[in-house]
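One structure is given here, and the rest of the page talks about it.
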Amino acid sequence: MNVIEINNLTKYYGKERGIIDVSFNVEEKEIFAFIGPNGAGKSTTLRTLLALIYPTSGSAKIFGKDCIKHGPEIKKEIGYLPSEVFYYDKMKVIDLLNYSASFYQKDCGKRIKELTEIMDLDLHKNIDDLSFGNKKKVGIVQGLLHDPKLIILDEPTSGLDPLMQQKFFELLQEENKKGATILFSSHILGEVQRLCDRVAIIKEGKIIQLEKISALQENNYKKIKVETTANMDEDYFNIEGVSNLEVKQNIISFLFRGNINSIMKKISEIEIINVWIEEPDLEEIFLHYYEKGA
Amino acid sequence: MNVFMREMKANRKALIIWSLGMILLIASSMGKYAGLSASGQSINELLAQMPQSLKAIMGMGTFDLTMATGYYGVLFIYVAMMATIHATMLGANIISKEERDKTAEFLFLKPISRNKIITSKLLASVVNILIFNLVTFVSSILMVQKYSKGEAVIGDITRLMVGMLFLQLIFLFIGTAIAATSKHPKNAPPLATGILLFTFMLSIAIDLNNRIENLKYLTPFKYFDAKNLMYARGFEPIYVILSVIIIVVLFRVTYVFYENRDLNV
């Protein structure tokens, strides 16, 4: 069953492009990531789904119901974490959470307690006094306190320290095991790879790739930079699987995809000063999708 | 109900401060009347010699300043000004603040329709305005009675306060309608107060210059003029009908536009 169905969703802000013809489905109990650089249309898609803004054309369904027409009804089962968390002035954490809970026709007291313990949150502090990361934690508790069936997160981990990120991911995975479907946007490939089943890649308002994360991992790109003692022949590293090759005097950088041993052998055969092997960031992966003409 | 309570709480402090300001305005102004009335009839003679334009600017017009109610009639335009500023700001802010403070992503993600959110907010605003009107009403009666030498004050003041309530409602909904239609909610409060000041200045300009008298329909301040309410014609049907139409139209505009526009998030 599809929890989210998006059909040809298009949004223009006046003449400015938001998203164009976005279509994808999110299945029940799936963890689905939505990735792309800043300004690609991630937030626009999420906000249209949540009826904060209205589509120019196309439609979307959540739980089989139109997301605009049945917005209030659908939202009973949605938990949302915005990328930046803002709350009302002069409110204590507990007041905000109780206010949030008052919109749902169920008792959320127990869940609030559990979640604040996991997130290590002081309920009696003023929200104004909290740091960005702690506000985010309030946002997490606030988004999950009513045991939503669909959790939507917009760049969820920005502002959280690594330990909290870890806890938060565990929490999400637990919710997922209990049956929650999760849709989140991100531009950090690491968190996407760790968490999700499928991924949609968006660029300039259009979906350019829709893939299982396992497939993305097969495209195991490495970003390699080598500093050599002497200037090298430019074509030394131009072997199968190498792309974006750049040579600047004795510093050579490129992306590599394929059997890692073959490139390591190549590196070991020359005299080097330093070597960097990193996960490429998303932009670089994107370049590949373009080169492939995808 | 929860949004209503939240708004009542959020506006409580401001309402208290506005109310104290209003009480202070009335008390201090009526205090000056005590000194004025001691000089007896001579004040009216003095005023008779004052040029009409100066009297218009001061809002004195044809009031009998030897009477406490007459003096209050002069004061009324300032009282009404204060009440309408309160109403305008309240209306513009209560709608636009969710976007301004970026709490829209919280509130509009709750299982509650925009329609209901506006209803709760408008209800809270109207209650705030009623309380403010009541505070003004009670403190006016107490202060004017204190200085009146047995004249009847309640009738005049009640009429003025009903007129003020109309003004408050008109400007409240000017505020909400602007906030609901505006693409940039941050601009709503200054824009709404700009309209308020313009109509206020216009009402004074009309007093100064008879030739633009026909513009009186453009400024609600002329609909509920203290002179008319106290001495002459009372509530004129044309103005009451006009007020009701304006209120209903702005009320609908607030709902329809807010319902159908993109939120600034």
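Labeling convention for the structure tokens: chains A, B, ... as they appear, residues from 1 per chain, ligands from 1 in order of appearance.
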
Please identify every residue of chain A that has at least one atom no more than 8 Å from any atom of chain B, counting only C-alpha atoms, and report them as an NGL selection string. :A and (50 or 52-54 or 71-76 or 80 or 82 or 86-88 or 99-100 or 102-104)

Name the residues of range 22-150 of chain A that come out as alpha helix (DSSP H) in a backbone DSSP run; write them as a PyMOL selection string. chain A and resi 42-49+71-74+93-101+109-119+132-144

Identify, on the basis of only C-alpha atoms, every residue whose closest approach to Ile94 in chain A does not exceed 7 Å; exclude the query and any residue fewer than 4 positions from it along the same chain; express the result as a PyMOL selection string. chain A and resi 98+123-124

Can you tell me how far CA of Ala200 in chain A sits from CA of Val3 in chain A, in Å to one decimal? 15.7 Å

Do you know which residues are at most 12 Å from Leu130 in chain B counting only C-alpha atoms, after dropping those on the same chain fewer than 6 positions away, and could you put them as a ChimeraX atom specification? /B:15,19,83,86-87,123-124,136-137,161-162,164-169,172

With distances taken over only C-alpha atoms, which of A:Glu227, A:Glu28, A:Glu155, A:Glu246 is nearest to Ser185 in chain A?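 Looking only at the distances to Ser185 in chain A, the closest residue turns out to be A:Glu155.
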
Near-Val138 in chain A list (9 Å; only C-alpha atoms; drop same-chain fewer than 5 positions) as a tab-separated table (two decimals) with N, CA, C and O atoms, in the first residue's frame:
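Result file selection-v6.tsv:
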chain	number	residue	atom	x	y	z
A	85	VAL	N	13.53	24.93	13.85
A	85	VAL	CA	12.41	24.85	14.78
A	85	VAL	C	12.19	26.21	15.43
A	85	VAL	O	13.10	26.79	16.00
A	93	VAL	N	9.00	24.39	27.88
A	93	VAL	CA	8.98	23.21	27.02
A	93	VAL	C	7.72	22.39	27.26
A	93	VAL	O	7.02	22.02	26.32
A	96	LEU	N	4.58	23.94	25.78
A	96	LEU	CA	4.52	23.78	24.32
A	96	LEU	C	4.08	22.36	23.96
A	96	LEU	O	3.22	22.16	23.11
A	97	LEU	N	4.67	21.38	24.66
A	97	LEU	CA	4.34	19.99	24.35
A	97	LEU	C	2.88	19.69	24.69
A	97	LEU	O	2.18	19.01	23.94
A	116	THR	N	11.04	12.65	26.14
A	116	THR	CA	11.94	13.65	26.72
A	116	THR	C	13.09	12.98	27.46
A	116	THR	O	14.18	13.51	27.53
A	119	MET	N	15.51	11.89	24.75
A	119	MET	CA	16.16	13.06	24.15
A	119	MET	C	16.89	13.90	25.18
A	119	MET	O	17.52	14.91	24.84
A	121	LEU	N	15.86	15.97	27.71
A	121	LEU	CA	15.35	17.33	27.57
A	121	LEU	C	14.79	17.82	28.89
A	121	LEU	O	14.07	17.10	29.58
A	127	ILE	N	11.63	27.91	26.39
A	127	ILE	CA	12.10	27.54	25.05
A	127	ILE	C	13.06	28.59	24.48
A	127	ILE	O	14.03	28.28	23.81
A	133	GLY	N	20.25	23.28	19.01
A	133	GLY	CA	20.15	21.82	19.09
A	133	GLY	C	19.05	21.36	20.03
A	133	GLY	O	18.30	20.43	19.74
A	143	GLY	N	7.09	16.32	17.40
A	143	GLY	CA	6.66	15.64	16.19
A	143	GLY	C	6.24	14.20	16.40
A	143	GLY	O	5.52	13.64	15.58

CA of Ala40 in chain A to CA of Gly205 in chain A: how many Å, to one decimal? 5.2 Å

Contacts of range 196-213 of chain B within 8 Å, only C-alpha atoms, excl. fewer than 6 positions in-chain, as a PyMOL selection string: chain B and resi 52-53+56-57+59+81+84-85+88+171+219-222

Just give me the gap between CA of Gln209 in chain A and CA of Asn244 in chain A in Å, one decimal is fine.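 So the answer is 20.4 Å.
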
Could you give me, as a list in words, the residues within 9 Å of Phe237 in chain A, counting only C-alpha atoms and dropping anything in the same chain fewer than 6 positions from it? Leu245, Ile252, Phe254, Ile263, Lys266 and Ile267 of chain A
